[in-house]
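**Student:** Before anything else, here's the structure in question.
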Amino acid sequence: MSPLGPGLADRARETAVRLPRLLTAGVLVVLTVLAGSWLDRVNGPGNGDDRPFVVTGRTGETVDARKLDVAVLGMRGGAVITSYHKPVDTAGVWLLVRIRVTPRSESGGLGWARLTDGRGRRFNLTGRVDQPMTVTTSQPGLPIEGELVFEVPRDVMGPISVQLAFPPIDQRMDAVAEVELPELTAATVAGWVATTAPLTLAGTPS
Amino acid sequence: MSTRGRTPPSRAGSDPVARLGKIVAGRTLTRLFRTAPAVSGLVVGFGVLVCLPTGGFDKVRDDEIPVVALGDPFDAGFMTVSVTAVRLLPDADVLFHTHPGDRWIAVVAEIEVTDDRTLNELSLKSAFRLTGVQGLRGNVKDSLTGEALPDAAVLARDSQNLISLQPGVPERVGIVWEQDPAAPLPRTAQVEVYHFTEGVNTIGGDSHYWRPGADPGAKLPDVPVQDRRKG
């Protein structure tokens, strides 16, 4: 009989059997985590499986954005814009993008837009002024036209593009239209900054 | 030797059907649950052993937080900030009381977004703290420290609620807290600004801001509070 007594001896034996299993399980857990971490690094975090489907186009072309047909018609800019009957200035410059949106099979309108400049900076629609195009809906086949307003820095230049989509919040796994705009030059932006006459959004009574 | 009801290895190990039956009967699960506390204990113990010598449990001393002077710009991760004043403000149309008669106290700062994307109001407000001021309502509190988060952000340019700041477009901004009027009038305050960095969600792949620690990246101690309630 073990000097530890029968009960304790049994437990000691049992522990001796279990300990290697526990250690093996622990090692397997660590190896699994390491393998997952390595796979994550190889694939890149969030490997883009749920990224939006980007459909590209040029100014003037109609681009299919799944629930909408969209077309970018042009752009202009200025230092002051009228919103809710008041002039609104900026430390940057107002950049207005004129678009046409046509719902395809159900009523709706533009939910989201973002502008990207030549340095890769991404500008959401400004919340400082009225944005009637984001709240206006239409019926299938009936186009609506208007302007989107972006507030951008005065050093914005180079190739710029605008992205347009139907979902207002989450564009993953949905279509996003990406349209190239005419390349911006420093002279164009300087001209806009010098334009102090307030811009009025096309097609709106503001 | 006691087998305590254990199935002999020759039967359990070689017959997959018998093994599946044991799992369904719950014996393997029972063993797993029995050993789970020991495994957890080992893991936690290992963590503590690693953290202790490396200072993981040490509280960051207040004097280790970088001090910035009023008006000096500093890098706060997604933006550069230059705090210019702390002020008591008059009532304004864009500031909504949760308790009528409350005071408004604001950190005034020049801010430029240096990140490559639009910064929204919530992310901006989450970077600022005001300490040494009693009676802040703290309608929204920091989830880690319980400190009062700002109640509003106002753009100085047009005195409107700030919704977002665009990259490369510098603005003067008021970060505003609501204060109980029963609290003493603050003479000085300490402004703390957290340094946020961009992280990528490893599941969805979308990027977001996070702060690496529970301590501010910079502080401005003893900023005089200007009383501008009567213009």
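Each chain in the structure tokens gets a letter, A, B, ..., in the order shown, and its residues are numbered from 1; ligands are numbered from 1 in order too.
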Residues of chain A within 10 Å of chain B, counting only C-alpha atoms - could you list those as number ranges by chain?
**Tutor:** A: 6-7, 9-11, 13-14, 18, 22-23, 25-26, 40-41, 44-51, 88-93, 114-117, 119-128, 150-156, 172
**Student:** Once DSSP has gone over the backbone, tell me which residues of chain A are in strand (DSSP E), as a PyMOL selection string.
**Tutor:** chain A and resi 53-58+62-65+68-83+86-103+112-116+122-124+144-152+161-165+175-180
**Student:** Next, the residues of the selection above should be written as an mmCIF file, in the first residue's frame with C-alpha atoms.
**Tutor:**
data_model
loop_
_atom_site.group_PDB
_atom_site.id
_atom_site.type_symbol
_atom_site.label_atom_id
_atom_site.label_comp_id
_atom_site.auth_asym_id
_atom_site.auth_seq_id
_atom_site.Cartn_x
_atom_site.Cartn_y
_atom_site.Cartn_z
ATOM 1 C CA PHE A 53 -18.362 45.488 -55.704
ATOM 2 C CA VAL A 54 -16.870 48.578 -57.322
ATOM 3 C CA VAL A 55 -18.126 49.446 -60.823
ATOM 4 C CA THR A 56 -15.971 52.092 -62.451
ATOM 5 C CA GLY A 57 -16.870 54.719 -65.008
ATOM 6 C CA ARG A 58 -16.003 58.140 -66.371
ATOM 7 C CA THR A 62 -24.021 55.873 -66.798
ATOM 8 C CA VAL A 63 -22.754 53.402 -64.205
ATOM 9 C CA ASP A 64 -24.728 50.484 -62.785
ATOM 10 C CA ALA A 65 -24.830 50.668 -58.972
ATOM 11 C CA LEU A 68 -29.448 52.746 -59.131
ATOM 12 C CA ASP A 69 -28.048 53.961 -62.409
ATOM 13 C CA VAL A 70 -25.769 56.883 -61.654
ATOM 14 C CA ALA A 71 -23.955 59.381 -63.822
ATOM 15 C CA VAL A 72 -21.538 62.134 -62.864
ATOM 16 C CA LEU A 73 -22.182 65.175 -65.019
ATOM 17 C CA GLY A 74 -19.493 67.599 -63.843
ATOM 18 C CA MET A 75 -18.031 69.550 -60.977
ATOM 19 C CA ARG A 76 -17.437 73.122 -59.852
ATOM 20 C CA GLY A 77 -16.187 74.865 -56.743
ATOM 21 C CA GLY A 78 -16.107 78.006 -54.684
ATOM 22 C CA ALA A 79 -15.209 79.577 -51.362
ATOM 23 C CA VAL A 80 -18.754 80.237 -50.131
ATOM 24 C CA ILE A 81 -21.991 78.331 -50.552
ATOM 25 C CA THR A 82 -25.568 79.242 -49.727
ATOM 26 C CA SER A 83 -27.348 76.812 -47.440
ATOM 27 C CA LYS A 86 -27.255 81.750 -45.405
ATOM 28 C CA PRO A 87 -23.712 81.985 -46.799
ATOM 29 C CA VAL A 88 -21.405 79.305 -45.408
ATOM 30 C CA ASP A 89 -17.639 79.700 -45.754
ATOM 31 C CA THR A 90 -14.814 77.214 -45.278
ATOM 32 C CA ALA A 91 -11.124 77.065 -44.443
ATOM 33 C CA GLY A 92 -10.834 74.791 -47.475
ATOM 34 C CA VAL A 93 -12.905 74.966 -50.616
ATOM 35 C CA TRP A 94 -16.385 73.708 -51.524
ATOM 36 C CA LEU A 95 -16.359 71.125 -54.287
ATOM 37 C CA LEU A 96 -19.727 70.414 -55.899
ATOM 38 C CA VAL A 97 -20.295 67.273 -57.972
ATOM 39 C CA ARG A 98 -23.330 67.241 -60.250
ATOM 40 C CA ILE A 99 -24.947 63.815 -60.566
ATOM 41 C CA ARG A 100 -27.955 62.088 -62.092
ATOM 42 C CA VAL A 101 -29.527 59.176 -60.237
ATOM 43 C CA THR A 102 -32.122 56.812 -61.686
ATOM 44 C CA PRO A 103 -33.652 54.066 -59.527
ATOM 45 C CA TRP A 112 -23.918 57.478 -49.694
ATOM 46 C CA ALA A 113 -21.121 59.310 -51.467
ATOM 47 C CA ARG A 114 -17.410 59.796 -50.865
ATOM 48 C CA LEU A 115 -14.701 61.680 -52.706
ATOM 49 C CA THR A 116 -11.075 60.523 -52.913
ATOM 50 C CA ARG A 122 -11.244 60.266 -48.409
ATOM 51 C CA PHE A 123 -13.880 62.936 -47.841
ATOM 52 C CA ASN A 124 -17.385 62.113 -46.718
ATOM 53 C CA ILE A 144 -33.259 63.028 -60.535
ATOM 54 C CA GLU A 145 -30.414 65.499 -60.911
ATOM 55 C CA GLY A 146 -28.631 67.591 -58.353
ATOM 56 C CA GLU A 147 -25.327 68.399 -56.681
ATOM 57 C CA LEU A 148 -23.354 66.834 -53.843
ATOM 58 C CA VAL A 149 -21.220 69.075 -51.641
ATOM 59 C CA PHE A 150 -17.762 68.147 -50.375
ATOM 60 C CA GLU A 151 -15.517 70.301 -48.197
ATOM 61 C CA VAL A 152 -11.915 69.696 -49.250
ATOM 62 C CA SER A 161 -12.897 60.247 -57.998
ATOM 63 C CA VAL A 162 -16.301 60.038 -56.421
ATOM 64 C CA GLN A 163 -17.973 56.895 -55.109
ATOM 65 C CA LEU A 164 -21.758 56.620 -55.071
ATOM 66 C CA ALA A 165 -23.962 53.915 -53.559
ATOM 67 C CA ALA A 175 -22.400 47.755 -55.532
ATOM 68 C CA VAL A 176 -20.498 51.046 -55.419
ATOM 69 C CA ALA A 177 -20.118 53.184 -58.515
ATOM 70 C CA GLU A 178 -16.702 54.851 -58.772
ATOM 71 C CA VAL A 179 -16.432 57.662 -61.262
ATOM 72 C CA GLU A 180 -13.276 59.515 -62.244
#
**Student:** With only C-alpha atoms as the atoms that count, which of A:Met157, A:Ser138, A:Tyr84, A:Ser105 lies nearest to Gly118 in chain A?
**Tutor:** A:Met157
**Student:** Which polymer residues have any atom within 10 Å of an atom of range 124-126 of chain B, counting only C-alpha atoms, with same-chain residues fewer than 6 positions away left out, as a tab-separated table (two decimals) with all heavy atoms, in the first residue's frame?
**Tutor:**
chain	number	residue	atom	x	y	z
B	78	PHE	N	-4.87	60.83	-34.91
B	78	PHE	CA	-5.53	61.13	-36.17
B	78	PHE	C	-5.64	62.63	-36.43
B	78	PHE	O	-6.25	63.05	-37.41
B	78	PHE	CB	-6.90	60.48	-36.27
B	78	PHE	CG	-7.79	60.63	-35.06
B	78	PHE	CD1	-8.14	61.87	-34.58
B	78	PHE	CD2	-8.29	59.50	-34.42
B	78	PHE	CE1	-8.98	62.01	-33.50
B	78	PHE	CE2	-9.12	59.62	-33.33
B	78	PHE	CZ	-9.47	60.88	-32.87
B	79	MET	N	-5.09	63.45	-35.53
B	79	MET	CA	-5.21	64.90	-35.71
B	79	MET	C	-4.07	65.60	-34.97
B	79	MET	O	-3.46	65.03	-34.08
B	79	MET	CB	-6.55	65.38	-35.15
B	79	MET	CG	-6.73	65.04	-33.69
B	79	MET	SD	-8.38	65.46	-33.09
B	79	MET	CE	-8.32	64.75	-31.44
B	111	ILE	N	-7.83	72.43	-34.48
B	111	ILE	CA	-7.68	71.01	-34.81
B	111	ILE	C	-7.54	70.84	-36.32
B	111	ILE	O	-8.28	71.45	-37.08
B	111	ILE	CB	-8.89	70.20	-34.31
B	111	ILE	CG1	-8.96	70.26	-32.77
B	111	ILE	CG2	-8.82	68.74	-34.77
B	111	ILE	CD1	-10.20	69.65	-32.19
B	113	VAL	N	-7.27	67.53	-38.99
B	113	VAL	CA	-7.25	66.07	-39.18
B	113	VAL	C	-6.07	65.73	-40.08
B	113	VAL	O	-5.95	66.23	-41.20
B	113	VAL	CB	-8.57	65.58	-39.82
B	113	VAL	CG1	-8.51	64.08	-40.10
B	113	VAL	CG2	-9.75	65.90	-38.91
B	140	VAL	N	-22.61	60.98	-21.11
B	140	VAL	CA	-21.97	59.79	-21.67
B	140	VAL	C	-20.62	59.67	-20.97
B	140	VAL	O	-19.90	60.65	-20.84
B	140	VAL	CB	-21.77	59.92	-23.19
B	140	VAL	CG1	-21.14	58.66	-23.75
B	140	VAL	CG2	-23.09	60.20	-23.89
B	141	LYS	N	-20.33	58.45	-20.50
B	141	LYS	CA	-19.09	58.27	-19.74
B	141	LYS	C	-18.10	57.37	-20.48
B	141	LYS	O	-18.50	56.50	-21.27
B	141	LYS	CB	-19.41	57.67	-18.37
B	141	LYS	CG	-20.12	58.64	-17.43
B	141	LYS	CD	-20.19	58.06	-16.03
B	141	LYS	CE	-20.53	59.11	-14.99
B	141	LYS	NZ	-21.78	59.82	-15.23
B	142	ASP	N	-16.82	57.60	-20.19
B	142	ASP	CA	-15.77	56.74	-20.72
B	142	ASP	C	-15.97	55.33	-20.17
B	142	ASP	O	-16.09	55.15	-18.96
B	142	ASP	CB	-14.42	57.31	-20.27
B	142	ASP	CG	-13.26	56.55	-20.89
B	142	ASP	OD1	-13.25	55.32	-20.82
B	142	ASP	OD2	-12.36	57.20	-21.44
B	148	ALA	N	-16.31	61.82	-17.51
B	148	ALA	CA	-17.36	62.43	-18.34
B	148	ALA	C	-16.84	62.70	-19.74
B	148	ALA	O	-15.83	63.40	-19.91
B	148	ALA	CB	-17.82	63.73	-17.70
B	149	LEU	N	-17.51	62.17	-20.75
B	149	LEU	CA	-17.18	62.52	-22.13
B	149	LEU	C	-17.86	63.85	-22.47
B	149	LEU	O	-18.88	64.19	-21.87
B	149	LEU	CB	-17.67	61.43	-23.07
B	149	LEU	CG	-16.89	60.11	-23.07
B	149	LEU	CD1	-17.58	59.08	-23.94
B	149	LEU	CD2	-15.47	60.33	-23.55
B	150	PRO	N	-17.33	64.58	-23.43
B	150	PRO	CA	-17.96	65.85	-23.81
B	150	PRO	C	-19.40	65.65	-24.28
B	150	PRO	O	-19.74	64.61	-24.83
B	150	PRO	CB	-17.08	66.35	-24.95
B	150	PRO	CG	-15.80	65.62	-24.83
B	150	PRO	CD	-16.12	64.30	-24.23
B	151	ASP	N	-20.22	66.69	-24.03
B	151	ASP	CA	-21.63	66.59	-24.42
B	151	ASP	C	-21.88	67.15	-25.81
B	151	ASP	O	-22.91	66.86	-26.41
B	151	ASP	CB	-22.49	67.33	-23.39
B	151	ASP	CG	-22.44	66.63	-22.05
B	151	ASP	OD1	-22.92	65.49	-21.97
B	151	ASP	OD2	-21.89	67.21	-21.09
B	152	ALA	N	-20.98	67.99	-26.31
B	152	ALA	CA	-21.19	68.58	-27.64
B	152	ALA	C	-19.86	69.04	-28.22
B	152	ALA	O	-18.86	69.18	-27.50
B	152	ALA	CB	-22.15	69.76	-27.55
B	153	ALA	N	-19.85	69.26	-29.52
B	153	ALA	CA	-18.70	69.88	-30.19
B	153	ALA	C	-19.26	70.94	-31.12
B	153	ALA	O	-20.23	70.70	-31.85
B	153	ALA	CB	-17.90	68.85	-30.96
B	162	LEU	N	-20.79	70.62	-34.57
B	162	LEU	CA	-19.83	69.99	-35.49
B	162	LEU	C	-20.30	68.57	-35.79
B	162	LEU	O	-20.66	67.83	-34.87
B	162	LEU	CB	-18.46	69.98	-34.83
B	162	LEU	CG	-17.29	69.47	-35.65
B	162	LEU	CD1	-16.04	70.25	-35.26
B	162	LEU	CD2	-17.05	68.01	-35.43
B	163	ILE	N	-20.32	68.23	-37.04
B	163	ILE	CA	-20.72	66.88	-37.43
B	163	ILE	C	-19.50	66.06	-37.84
B	163	ILE	O	-19.36	64.91	-37.49
B	163	ILE	CB	-21.76	66.93	-38.57
B	163	ILE	CG1	-23.04	67.58	-38.03
B	163	ILE	CG2	-22.06	65.53	-39.11
B	163	ILE	CD1	-24.04	67.94	-39.08
B	164	SER	N	-18.60	66.72	-38.55
B	164	SER	CA	-17.37	66.02	-38.93
B	164	SER	C	-16.30	67.06	-39.29
B	164	SER	O	-16.62	68.23	-39.54
B	164	SER	CB	-17.63	65.09	-40.12
B	164	SER	OG	-18.15	65.82	-41.20
B	165	LEU	N	-15.06	66.61	-39.27
B	165	LEU	CA	-13.94	67.45	-39.73
B	165	LEU	C	-13.28	66.74	-40.90
B	165	LEU	O	-13.07	65.53	-40.86
B	165	LEU	CB	-12.92	67.64	-38.59
B	165	LEU	CG	-13.30	68.58	-37.46
B	165	LEU	CD1	-12.24	68.54	-36.36
B	165	LEU	CD2	-13.48	70.01	-37.96
B	175	ILE	N	-15.02	72.05	-27.55
B	175	ILE	CA	-15.45	70.75	-27.05
B	175	ILE	C	-16.15	71.04	-25.73
B	175	ILE	O	-15.53	71.57	-24.80
B	175	ILE	CB	-14.25	69.81	-26.81
B	175	ILE	CG1	-13.28	69.84	-28.00
B	175	ILE	CG2	-14.72	68.40	-26.49
B	175	ILE	CD1	-13.77	69.19	-29.24
B	176	VAL	N	-17.42	70.70	-25.61
B	176	VAL	CA	-18.26	71.28	-24.57
B	176	VAL	C	-18.79	70.21	-23.59
B	176	VAL	O	-19.24	69.15	-24.01
B	176	VAL	CB	-19.47	72.00	-25.21
B	176	VAL	CG1	-20.26	72.77	-24.15
B	176	VAL	CG2	-19.00	72.96	-26.30
B	193	VAL	N	-5.80	64.87	-23.52
B	193	VAL	CA	-6.14	64.46	-24.89
B	193	VAL	C	-5.55	63.07	-25.14
B	193	VAL	O	-4.35	62.85	-24.92
B	193	VAL	CB	-5.60	65.46	-25.94
B	193	VAL	CG1	-6.02	65.05	-27.34
B	193	VAL	CG2	-6.09	66.87	-25.63
B	194	TYR	N	-6.40	62.17	-25.54
B	194	TYR	CA	-5.96	60.81	-25.83
B	194	TYR	C	-5.39	60.72	-27.25
B	194	TYR	O	-5.86	61.39	-28.16
B	194	TYR	CB	-7.11	59.82	-25.67
B	194	TYR	CG	-7.40	59.53	-24.23
B	194	TYR	CD1	-8.29	60.32	-23.51
B	194	TYR	CD2	-6.75	58.51	-23.57
B	194	TYR	CE1	-8.55	60.07	-22.18
B	194	TYR	CE2	-6.99	58.25	-22.24
B	194	TYR	CZ	-7.89	59.03	-21.55
B	194	TYR	OH	-8.13	58.79	-20.23
B	196	PHE	N	-5.09	58.57	-30.31
B	196	PHE	CA	-5.73	57.42	-30.95
B	196	PHE	C	-4.88	56.94	-32.13
B	196	PHE	O	-4.20	57.72	-32.78
B	196	PHE	CB	-7.11	57.81	-31.48
B	196	PHE	CG	-8.17	57.73	-30.42
B	196	PHE	CD1	-8.19	58.60	-29.35
B	196	PHE	CD2	-9.17	56.77	-30.49
B	196	PHE	CE1	-9.16	58.53	-28.38
B	196	PHE	CE2	-10.15	56.70	-29.53
B	196	PHE	CZ	-10.15	57.58	-28.47
B	211	ARG	N	-7.63	53.40	-28.86
B	211	ARG	CA	-6.58	54.03	-28.09
B	211	ARG	C	-5.77	52.94	-27.40
B	211	ARG	O	-6.32	52.00	-26.82
B	211	ARG	CB	-7.14	55.04	-27.11
B	211	ARG	CG	-7.92	54.52	-25.97
B	211	ARG	CD	-8.39	55.69	-25.13
B	211	ARG	NE	-8.77	55.25	-23.81
B	211	ARG	CZ	-9.83	55.70	-23.16
B	211	ARG	NH1	-10.62	56.59	-23.69
B	211	ARG	NH2	-10.10	55.25	-21.95
**Student:** What is the CA of Val81 in chain B-CA of Arg129 in chain B distance in Å, reported with one decimal?
**Tutor:**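 Answer for the CA of Val81 in chain B to CA of Arg129 in chain B separation: 13.5 Å.
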**Student:** Give the alpha helix (DSSP H) residues of range 12-223 of chain B, as assigned by DSSP on the backbone, as a PyMOL selection string.
**Tutor:** chain B and resi 12-14+16-25+27-54+121-125
**Student:** Between CA of Ser123 in chain B and CA of Ala109 in chain B, what is the spacing in Å?
**Tutor:** 15.3 Å
**Student:** Do you have the CA of Ala218 in chain B-CA of Asp75 in chain B distance handy?
**Tutor:**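 Computing it gives 9.0 Å between the two atoms.
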